[in-house]
Each structure stands twice: as structure tokens, then as C-alpha cells.
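S.K.: Attaching a single structure in C-alpha cells format; questions to follow.
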Amino acid sequence: METGSGLFHCSNLILSVWLIISANSVITTRADITCSSCPKPVRVTLEDVLLDKRAVPLGTGSPLKRTGPESRAFDQISVFTEQPGSSPVDIATFEKGFARNGLISKVSLEVKSKNKEFNMGNPTISGSEFDKVERGDATFVRVKRSGPEPFEFTEDTWSSEGDRTYSDSSTERKNSGPLLDQERLRSEQRWNRDGKVTSTKQEEPKLTSSTFALTGDSAHNHAVVYWSGQNSSVILILTKLYDFHLGSVTESTLWRSTDYGTTYEKLNDRVGMKTVLSYLYVCPMNKRKILILTDPEFESSVLISSDEGASYQKYRLSFYVLSLLFHPTQEDWALAYSHDQKLYSSVDFGRKWQLVHEAVTPNRFYWSVTGLDVESDLIHLEANATDGRAQYVTCRVQSCSEANRHYPFTGYIETNSLVVQDDYMFIQVTSAGRAWYYVSYKREPFARIKLPKYSLPKDMHIISTDEGQVFAAVQEWNQNDTYNIYISDPQGIHFTLALEDVRASRGLGGNSMIDLYEVAGIKGMLIANRKLENQVKTYITYNKGRDWRLLQAPSTDLEGNSIHCVLPFCSLHLQLQMSENPYLSGSIITKSSAPGVIVATGNIGSELSYNNVGMFISSDAGNSWRQIFEEEHNVWFLDKGGALLAVKQPTVPTRHLWVSFDEGRQWDRHSFSMVPLFVDGVLVESGIDNQIMTFFGHFSHRSEWQLIKIDYKSLFSKSCTDGDYQTWHLHNQGEPCVMGQKQIYMKRRPASSCMLGPGYSRVLSSEPCICRTHDFECDYGYERSGDGNCSPSFWYNPATVSRSCRHGQNYLNTTGYRKVAANNCTKGVNDMYTARRQKCPNRAPHGLQLSTSEGKLTAPLHSNVTFLVQLQEGESMRTHIQLDFGDGTAVSYSNLTWTEEGIKHVYRSAGIFRVTALAENEMGAVSTTLYLHVTCAVEHVQLLAPLVVIQNKEVNLTAVVWPSHSHTLTYFWWLGNSSEPIITPDGSILHTFTREGKHTVTLQVSSANSILQDTKTIAVQELFKSLLLSFSPNLDEVNPDIPEWRQDVGRVIKKALLQVADIPERQLLVAVFPGIPTAAELFLLPSKNQSEGRKKSEEELEQISKVLVSALNQNLVEFELKPAYRVIVYITQLTLAPLVDSMPRHSSSAMLMLLSVVFLGLAVFLIYKFKRKIPWINIDAEVNHEKEQEMINTVGQSEAAPKITLSEFPTQKEMMDKELERRVKRGMVNSCESTREIPNCTSV
């Protein structure tokens, strides 16, 4: 398969050219042309990984597919699936425009950023017309046009510079004016390599040409041209006026020719006078079928023709088509991608459409590959998941419901990474911050691509999959503006280095382009520009990158002067960029029907330069070179490569072309127009049998489109016979064996101007050679040493045997060499270097690897986790596998083959689980461990902290989360004004506050991808007094148990206390505890004026405590939450609230504290003994254990406590009835089984 640049199969020549006009006073112009059959250099985007970017012609949005290009420059980052029948959308598009200082690109027009799919930073024309431009679109250069062509060859004027001069041709200027149709123009001059120009006015044949102007379309700045070919005389042209202010097409005209472009007919009346057309599509399997889209700004419809555009039927569309992909074998089947990322299918050539799949990645959908996919209606697509990842999906086009979808790769893949191409499928997966690439060969299970161990790619792109081998461009961790080229084994798994540090440059559209070019017609021959020590030099290989060398410069210049250029200090360097305009030839051109002929722009010197460049040609496949022009020219092949056509770079308008029949040794000049033409593109070799080429352009920037049809058949004197040919032997510096074979070609003799004809074949004979060392490259894991031999890399163990090797079977043991792919040599050293067949040894398992399918060490709770078990060494069929999931369950398999698709398991609880894999056979065992964090999102977090604490005394801060987690949370504690948090894996910390005043504590809990926060303010005092409060049971009925409610009720309680005691408000703080029954703590703080001393403060707090205790015991403290709903506040503890401070206590205080603890313990025992239960004493004992212990330990025996008799408590039956009623109301029969964890359930 050939490297593709789009969706469409173009065996014939198909035009896709854009011209954009901008109103300014400088008469300059610019042509933007795209085509599906033109080669381009490798484009590598720096954004994505493993991208299969289908080129979309300007204004189409539909990727192009190039099939059978005459030369293969590696156009895209990755190569596209060859789908015959993928037809270009805009077959050829032209645009009028102006240049500034001789150069123009899309960037100079209205631009806007592309989305992620189209390469970050890539500019594109704004507006609906140009929003569909992708990285593969044509961005073109147009040099300044400043007037008529000033220099032409003449017969009678010469210069001192090699007997040649360039002068004004006044005679020609006098004859300026419209070119008459069918006028025969003479060949005026002949120039040969000896520097002589001879007159041939009476001798040379004449060109027949005709000109047609698209009258009335002078304002139209965009055209789409389609030439059917296949002996058809029909040409279709769609011209449009794109309004940059409105961002849409406002006018369009459809033209049709049935005589190869001699005349055109306007078809607006057949499609609708008011219908505005936007894009033209042609069925690749049946060129008579045409599909044209209307502009969606006016209406969304499709016009369908089955007679090469003679008549049309209109059908409404419910969506806006961005791109089309035709089936490679079924002419009526097509896929359409819409503006809202939906994929539709049609099986009747666009008349009816059916939704296939939503959320599809742009240009990541493919038809089935013939010979590999069983169903012809199977599609491969990349579907975007909700979390930004993607999945590889396959389904049949008419039944792609969820139940009928298949997922060939388990797990998620990177967006924009799916490539389905020839025998291969590629995807990318990111794990632990590293990119891993997988390949499937002939639809086998995906296997990880193996590059040299320490290549560590940060960018990788598939270039080619031709000849049973994968070419890949890899930018490694230490590279910035260069790439390394790797080639694979037939399965596409093991890659070896072909060439390091190939230059990558930034293109006009923001793309990066790799300077690598594959020469057409010569198998295994490539040219590359390599950057070494800040110098770029051109290298050539004849054996697919096994050996490279510099290019020998020509020995003489155009005037015959000797050139002193000695290798390796001086050589010939070539520009390898293909033209952004596919109908201008670019800097290098080759053709499969003209093997050995290479025409390129370059320079002679120590490195590649863009100054003092010239045009060079090689007629012997790069072994020797000669200069043909001092200026840059566009060069095309005529007559199946038998002749060369040259036109000057369109810096100024021209009316001359040059033709050579002897591979550039002698050139004949011909006039194709009597008026100088701004040439925007040339169409040659359209696929028809007659010899016709078409020039597209303008006489001025305000003139109509000019299409000049030229019949060059008269240039040939006759059809070639056997006597007109000579033989040519392909060689590499005299070595006749290239890629393991000797090849002899037939070429036309230089003196003959005969026509080759349709039955001409280049290859005369081919025979295999005896295998030698240069026919073999180093195998995976080996590197070429200084003596030329392949030695194991330091990281590679040659004794490694594949785990698929079964005991008693055979395997191929590498010698360190492998034959270059597509090399045809035989015998010789073939047996010495070919891998040897050996018996599989019985080995103990080694290199056991355990991972999840997504490469992550975390998994959501209740999700399906897929574990992958891989073994580097050991026989998979005889190795027993056991996997312990760490949650009490385990599975075992008799052999490793049962685990190839992964082992699935669902965890029912959150936590960190130790997952262990064990591989064992009779020779030994090996195990490995993975720690998996199973998490669920935290829904609620609460910081438990006392409202008031003692200065310089350690206090416990506790976090309560729901649902509860075990070792999977991270806690961040921000204390006071600290700039850095304290990070702990546990939900509690101890902290000492050393400064009095208000302190803010903020808690953040991180779980999975969520973070929750709670904040509390803590008052730090030298001493304070506290009382525990409870409430009448009716308060529990209105307690929603949320922080906001507790804060509001705390303020109400404080207000009620202030009404029964004359106490300053700032000395009271109330904290309502979470949970049911409702309880609270009252803090009594000393006044701010402590000048009277500590003793005075203690006495003050003691007096306030007595007042409040008395009021509480008399049920004087009550509040009203709503009318007639009064709540009474009680004192809970059996003794007075303690006086706590930070000073050391005397021994008498310690004794009093001990007695109070004994008394409290006795009271609790009596309550338990008599099975009494106090409803308002059920306090959160577990959560506040540390805090309550802190308070109780400071109780003094001297503090008075109110006496409460047991008769004041309700009876046991009353308590049970009330408790049961309360729990039923709150929906919980057993409070200890409640899902609430604030507070934890306790029993008294």
C-alpha cells in the first residue's frame, strides 16, 4: 500500500486547488491546491502520539486517500489505511490570493485555533468554509507576481556568462493579447547542456492549445476541479465566492465540459439557481457517480448524479457533513462524519443515512480491510468516553447498537491513536506517565511494540506499512528537532534503528515535517536529511536503511566548469520538501514509471543551504548528478516518465514551458500562451490515453479563471519501436545487486522523441543475487559495532526465549541478523545469518509481570478491574498461574494462555489490597505483587475538634468521613496561619496550641479524584470551665443532624442562658454535638481583663458556674424553636463542670480527681445494674473519648454537685417505649446498625 494523504482512491489524476483573493494594490497572487494523488513529505505533529491524520483539502473536512502515487514522500505522521474507493472530497481546489514579500500562507488570513484533533497551534481559515481544514490540508506558497515575465531566451542576445543571456523579448510582447482557440504555437528555442541555444522555428513540432475563461466568475475566489479520466472527456468545475466577513460561501457556479476542457457549460439551472454549493465528491468505484453538498448556511442537502454530472437529484440531510469515506469495493456505501462528532452510514449513495455511533473521534473510522475482516460491512472506529479517554470499537455498519459492538482491545486507549492500515492495527496506551504502543498483525491479539529498551519515545508515528514491514518515526527523550527512523519485523512488534537524527522542520500550517523521501520505482531506496553537529546533510540508502552514504556532487556546472567537491567534506544536498500545492512539483520528484530518474532542488557544499540553489537530476538512481537549471523550476513527467516538462517557479507570470526527451540533457522551449499567465497549477497525465495537460491560472488578479488545454501529442515524432530503446542496469556505485537482485531496465534513447505508448514496460529482466552481509540488518536487541558485526546491546539477553515456546517444539533462535525486508537474495550467507531452528528448552518461569489493563494502581469501588499477567520467559502452556486478589478470593489457571484477555475482578469494599500473582512449573516458580487502591468518592467529611482548648496542652483533632474508608484517604491539616499542611494517612492528629486566641483549623480529605473540606475555629485559653448539657427529647425530633442546624441551635441555647444569668456574652460558648440524642457542651471563659490575677479569674468562673447550674437544675433554661414547641435544657454530668487550666496540679487535686472518677464509675455501674437508661446521657463516647477523658481527669472533689435521685428518671419500660418510637420515626430500628457514622454507635 502506498503512503496516503487522504480518504480517496485516485488512480486517475484528480485536482484539488484553492485560490484566495484579497483586495490590495499589489498585483500578486497565491494558489492553494490539494490532491489525493500527489506525494508529500512526512508531517509529524508534536501533539499527539501515533496519529493517523487523513489530509483534508482546504474547505472539505474530508480526508484524502492517495493510492498508487508515482513517488512516495512520507506525507503524514502516520500512513493511512489503503481503502480503494476512498475518493477525494474537493477533487482539486484553486484559490486566488495575494502574497506579501513573495510568500503567503493560511496564517496571513483570518485564522483561529484548531481543536485538539487538528494539532495544537495549527492555524486555519476562520468560517464554516475553512473550519474543516486539517493538518493534512494543503497550505501553499505563492511568490510575488510583479508583472510580465522579464527574462526569456532569445537567439541574438548573449551574455558573457557562459554564452547565455536573459533579455526582454519585445517581439513577443507585440503579439500579446488573447490566445486564439486551436492556434498552433511553434517551439521557439532549444537549449542543450553545452550552453548553446538554437533556433527551431521551422523544424520543431507545434503545440495545440485552447483557452476557456469562466465568464462571470471573476469575483469567485475558490474553485473545485474534477477530471474523471478513464477515457472520459468530462471535467467538472465548481467555483465559489467565500465571504471572509460572513465566514461562509455566498455564491457558487457549477461548470461542466464534455470535450476535455475545450468548452464548458454552466449548470446552475439544473441544480437550482439559488442553491449554493460547497463540496464535490466522486465515487471512487464508479466515476460516473457524483455527490455535491450544499452550503449548510443556506440548506443542508445533497445533490446526486449518476451520469457524470449531467443531471442531479436533491435529498435533504438532517446533519452537516464534515467528511466522507467511501467503501473500497461497494460503490454505494459511504460513511459520513458530522459536525457534532456523529458517524452516519449510507448504502444507497447518500440518499438515506443511518446513525452508526456518537462521540466518534474525527478521522478515526475505517472500513473493513479486504482479506482480513470477514464482514465487508465491518467498520473500525475510535469512540470517545465520558472521561476524556477513548475505546476501540468494531461493529457492522447497519447494526451498531451497544449489544452488537465489539472491543478488540481491553481497556481504554489514547485519543487519536487508532490506526487501521493494511495488515496492521495500532493503538497507544499511557501508563505511569509513559506512552506504550500496541500492534495487531492480521487481526491477532494486540502485542506491545518493542523498541530498543532505552529509546523512551515521547512521540511516535507510523510512516509506512509497505512490503510487510512497518516504518516508524520516533522522537526520543533527548531529541527536539530530529526523529529516529525505525523499521520492524513482519509482525510489526520488534523494531530496529534505521537512521538517527533525521531533521524535522515546521511547515507553513504549524506542522512538523520529516526530511525523509522514498524514491519511486526503486525498491528500498530512500533519501534523508540528517542533522549532525548542527549541520544538515543529505544521505541515500539502497537497502532500506541498512547502509547510508552522502551524495556525490556533479563534476561540472552548467557551463562545463569543473567543480572541486571532495567527500565527505563536500557533497550534494537536496531539499526534500514536497510542494504544499500538489500541482506544483515541489523540491523533489520521482515517478515509478521512470525508475532511476530523480529531479530535485539542492546545493553543493558542506551542508544543506537555501541560498545559491539549483536544479539537479540523476538518471542512474542517485549514483551521479548533473545540474539542469540555475533557478528553481517545477518539473513534471510526461508520457509515462519518458519526457520532462519544466516551468519556472511562478514568481512572475509566464507563457513558456520547457520539454526534454533525454532526461534533462537538452531542453526545448515552447509557448503555451500569447499572454503571460499567472500559473496556479498544471494538470498532466490525467489518466486518459491522449496526451493532454491543462494549465490553470489568471491573466491578472481581476480576470476570470483561465483554463488552457494543451495537446502535446505533436511533440512526439512516432510511436517507439525496439530500435528506440537502450538498456540500463540499476547499481549502487557499481554494485549491480540492489535489494538482493540484478535489475535491467529499458529506456528510450536520448536522440529519440518517440512516444512510449500504453503497453510500455520498464523492467527488462530481474534475477536474484547471492546473499552477502549487506543484505542483512541487525536483529532486535543487537547493534552494529565498529567492525560491522551485530553484537547484543547491553540491555538485551540473547538467551531469552519467547514464553510461547512449548517444551518439545521448535523455535527460531536469532543469530543477531535478519534479512532486510523485501530483499530477494538467495544462498550465500543466507544460512549463516538466518535464525536457527532449535528445540524449546524446559525453563523455569522468569520475569512475571502483573498490571491492570489501564496501567493504573487505583480502581473505583464496585468497578470491574482487569488484571494482566505476563511472563517474559517460561513455557506458557506448562506454567500454572495463581492470582490472589487480596480480599479473600483467588483464582488459578492451568496455563498462561487462559489469561491473555485479562482476569476480571470486582472489589466490594474500599481499601488497599495486596494482589499477588504466582507462576509455577516443575522447574521453579516466580511471584510478583501489586498493591491496588480501591477507592470511592467521599460524600461527607466533618472535623471533630473541641470548641475551647487549654493553652500548651495537647488536643486531639479527628476527621469523620462518609462512607468510611480504610487506608485510602489522604488528610491535609492546615493549622492556624501555617503555609504548609500536615499530611497524614490517618484521620486524627494531636496538636498543641501555644498561643491564646482564636485559631482556625482546616481539614481537607483527598479520595480518588475528589477533595472535601471542613473548617473549625478553636478558642485557646489558659483556663476555662465547661458543663455538659442535654435537652428534652422533643428536640431530637427536629434535629436533621447537619452542621448548620447545630450552629443555629447553639446560638439559641446561648441566648437562653444569657436570659437567666447576668453574664457577659463573650464569656459563653456553646457547642452542639453531632448525633442523636442531642447534646451540647457549655464553655465558661474568663474575662479578658485578667489584671487581678489567676485566682480572681478562677473565683469568677466558679461563681458563674454556680449560677448556671442552679438555673439548669430548676429547669429555668428553655427556648422555643417554633411556636408552642419549647425545649428544656438540662445539665447532664453528675458533678459540677471541672475547672481546667494549663498549670500543674497539686497532689490534693490529684486525689480529688481520683475520688471523682471512682464516684462516676460507681454511678455508671448502678445504672447498668438496674438496667436504667438515661436518654439524654447517650453521648458520643468513642469520637470524643480523648476530649471527655481530658475533662473528667480534672474534676475536683471540692466542686459541689447537685443531687439527683433515681426516682427522677423515667422507668425502664417508659424509656424503651420512647426510644423505640423515636427510632421508628427516624427510620432505624437499631441505632447501632445505622449508616450514620457521626457519631459512632455506643451503648451505656
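Going by the C-alpha cells order, chains are called A, B, ..., each with residues numbered from 1, while ligands are numbered from 1 in the order shown.
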When you look at region 915-924 of chain A with a cut-off of 6 Å (counting only C-alpha atoms), what residues show up, excluding the ones that are within fewer than 3 positions of it in the same chain? I need them as a ChimeraX atom specification.
M.R.: /A:844,879-886,927-931
S.K.: What are the DSSP alpha helix (DSSP H) residues of region 232-321 of chain A, as a ChimeraX atom specification?
M.R.: /A:268-271
S.K.: Hey, can you spit out that residue selection with all heavy atoms as an mmCIF file, in the first residue's frame?
M.R.:
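Output saved as out_30.cif:
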```
data_model
loop_
_atom_site.group_PDB
_atom_site.id
_atom_site.type_symbol
_atom_site.label_atom_id
_atom_site.label_comp_id
_atom_site.auth_asym_id
_atom_site.auth_seq_id
_atom_site.Cartn_x
_atom_site.Cartn_y
_atom_site.Cartn_z
ATOM 1 N N ASN A 268 -26.027 25.882 -13.371
ATOM 2 C CA ASN A 268 -26.771 26.379 -12.215
ATOM 3 C C ASN A 268 -28.268 26.143 -12.334
ATOM 4 O O ASN A 268 -28.961 25.919 -11.337
ATOM 5 C CB ASN A 268 -26.502 27.877 -12.037
ATOM 6 C CG ASN A 268 -25.163 28.123 -11.372
ATOM 7 O OD1 ASN A 268 -24.269 27.302 -11.487
ATOM 8 N ND2 ASN A 268 -25.024 29.250 -10.680
ATOM 9 N N ASP A 269 -28.790 26.165 -13.561
ATOM 10 C CA ASP A 269 -30.221 25.958 -13.717
ATOM 11 C C ASP A 269 -30.614 24.519 -13.409
ATOM 12 O O ASP A 269 -31.760 24.238 -13.054
ATOM 13 C CB ASP A 269 -30.649 26.337 -15.130
ATOM 14 C CG ASP A 269 -29.864 25.576 -16.191
ATOM 15 O OD1 ASP A 269 -28.752 25.094 -15.872
ATOM 16 O OD2 ASP A 269 -30.363 25.468 -17.327
ATOM 17 N N ARG A 270 -29.669 23.582 -13.503
ATOM 18 C CA ARG A 270 -30.002 22.171 -13.233
ATOM 19 C C ARG A 270 -29.943 21.830 -11.748
ATOM 20 O O ARG A 270 -30.580 20.868 -11.318
ATOM 21 C CB ARG A 270 -29.043 21.261 -13.995
ATOM 22 C CG ARG A 270 -29.060 21.506 -15.501
ATOM 23 C CD ARG A 270 -28.219 20.485 -16.232
ATOM 24 N NE ARG A 270 -28.028 20.844 -17.635
ATOM 25 C CZ ARG A 270 -27.334 20.126 -18.505
ATOM 26 N NH1 ARG A 270 -26.770 18.985 -18.111
ATOM 27 N NH2 ARG A 270 -27.197 20.532 -19.758
ATOM 28 N N VAL A 271 -29.175 22.577 -10.984
ATOM 29 C CA VAL A 271 -29.086 22.293 -9.546
ATOM 30 C C VAL A 271 -29.914 23.278 -8.726
ATOM 31 O O VAL A 271 -30.073 23.086 -7.519
ATOM 32 C CB VAL A 271 -27.616 22.356 -9.072
ATOM 33 C CG1 VAL A 271 -26.785 21.310 -9.784
ATOM 34 C CG2 VAL A 271 -27.038 23.747 -9.284
#
```
S.K.: Tell me which of A:Phe1073, A:Tyr817, A:Tyr1125, A:Tyr312 sits closest to Leu944 (chain A), counting only C-alpha atoms.
M.R.: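 Result for the nearest residue to Leu944 (chain A): A:Phe1073.
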S.K.: With distances taken over only C-alpha atoms, which of A:His967, A:His940, A:Arg655, A:Arg818 is nearest to Leu1012 (chain A)?
M.R.: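 That would be A:His940, the residue with the smallest distance to Leu1012 (chain A).
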S.K.: Neighbouring residues of Ser455 (chain A) were defined as those with any atom within 8 Å, considering only C-alpha atoms; residues of the same chain fewer than 2 positions away were excluded. Please report them as a compact mmCIF listing (two decimals) with all heavy atoms, in the first residue's frame.
M.R.:
```txt
# COMPACT_ATOMS: atom_id res chain seq x y z
N LEU A 451 10.52 -1.33 21.09
CA LEU A 451 11.65 -0.53 20.63
C LEU A 451 12.86 -0.88 21.47
O LEU A 451 12.74 -1.56 22.49
CB LEU A 451 11.32 0.95 20.76
CG LEU A 451 10.19 1.50 19.90
CD1 LEU A 451 9.80 2.89 20.38
CD2 LEU A 451 10.57 1.53 18.44
N PRO A 452 14.06 -0.48 21.06
CA PRO A 452 15.21 -0.66 21.95
C PRO A 452 14.88 -0.13 23.34
O PRO A 452 14.24 0.91 23.49
CB PRO A 452 16.31 0.16 21.26
CG PRO A 452 15.98 0.05 19.81
CD PRO A 452 14.47 0.07 19.75
N LYS A 453 15.31 -0.83 24.36
CA LYS A 453 14.82 -0.66 25.72
C LYS A 453 14.86 0.79 26.20
O LYS A 453 13.93 1.25 26.86
CB LYS A 453 15.62 -1.55 26.67
CG LYS A 453 15.06 -1.58 28.08
CD LYS A 453 15.78 -2.60 28.93
CE LYS A 453 15.19 -2.68 30.33
NZ LYS A 453 15.88 -3.70 31.15
N PRO A 457 10.41 6.77 23.93
CA PRO A 457 9.84 7.74 22.99
C PRO A 457 8.90 8.72 23.66
O PRO A 457 8.13 8.36 24.54
CB PRO A 457 9.10 6.85 21.99
CG PRO A 457 8.75 5.63 22.77
CD PRO A 457 9.87 5.41 23.73
N GLU A 476 12.80 10.65 20.49
CA GLU A 476 13.17 10.10 21.77
C GLU A 476 13.34 11.19 22.81
O GLU A 476 13.26 12.39 22.51
CB GLU A 476 14.43 9.25 21.62
CG GLU A 476 14.25 8.13 20.60
CD GLU A 476 15.40 7.15 20.55
OE1 GLU A 476 16.28 7.23 21.43
OE2 GLU A 476 15.42 6.30 19.65
N TRP A 477 13.58 10.77 24.03
CA TRP A 477 13.56 11.68 25.17
C TRP A 477 14.58 12.81 25.06
O TRP A 477 14.40 13.88 25.64
CB TRP A 477 13.80 10.89 26.45
CG TRP A 477 15.15 10.22 26.50
CD1 TRP A 477 15.47 9.00 25.97
CD2 TRP A 477 16.35 10.74 27.07
NE1 TRP A 477 16.80 8.73 26.18
CE2 TRP A 477 17.36 9.77 26.86
CE3 TRP A 477 16.68 11.91 27.74
CZ2 TRP A 477 18.67 9.95 27.30
CZ3 TRP A 477 17.97 12.09 28.18
CH2 TRP A 477 18.95 11.12 27.96
```
S.K.: So which residues touch region 601-604 of chain A within 12 Å, counting only C-alpha atoms, skipping near sequence neighbours fewer than 5 positions away, as an MDAnalysis selection string?
M.R.: chainID A and resid 529 536:538 550:557 563:567 569:579 585:589 609:618 625:635 649
S.K.: For a test of reading the model, state the distance in Å between CA of Val948 (chain A) and CA of Lys1016 (chain A), rounded to one decimal.
M.R.: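 Going from CA of Val948 (chain A) over to CA of Lys1016 (chain A), I get 11.0 Å.
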S.K.: Using only C-alpha atoms, which residues sit within 7 Å of region 348-352 of chain A once same-chain residues fewer than 6 positions away are excluded, as a ChimeraX atom specification?
M.R.: /A:315,332-334
S.K.: Give me a file of those residues, with C-alpha atoms, as a compact mmCIF listing (two decimals), in the first residue's frame.
M.R.:
```txt
# COMPACT_ATOMS: atom_id res chain seq x y z
CA TYR A 315 -32.09 15.00 -0.97
CA ASP A 332 -22.95 2.89 -2.97
CA TRP A 333 -21.61 2.52 0.59
CA ALA A 334 -20.29 5.56 2.41
```
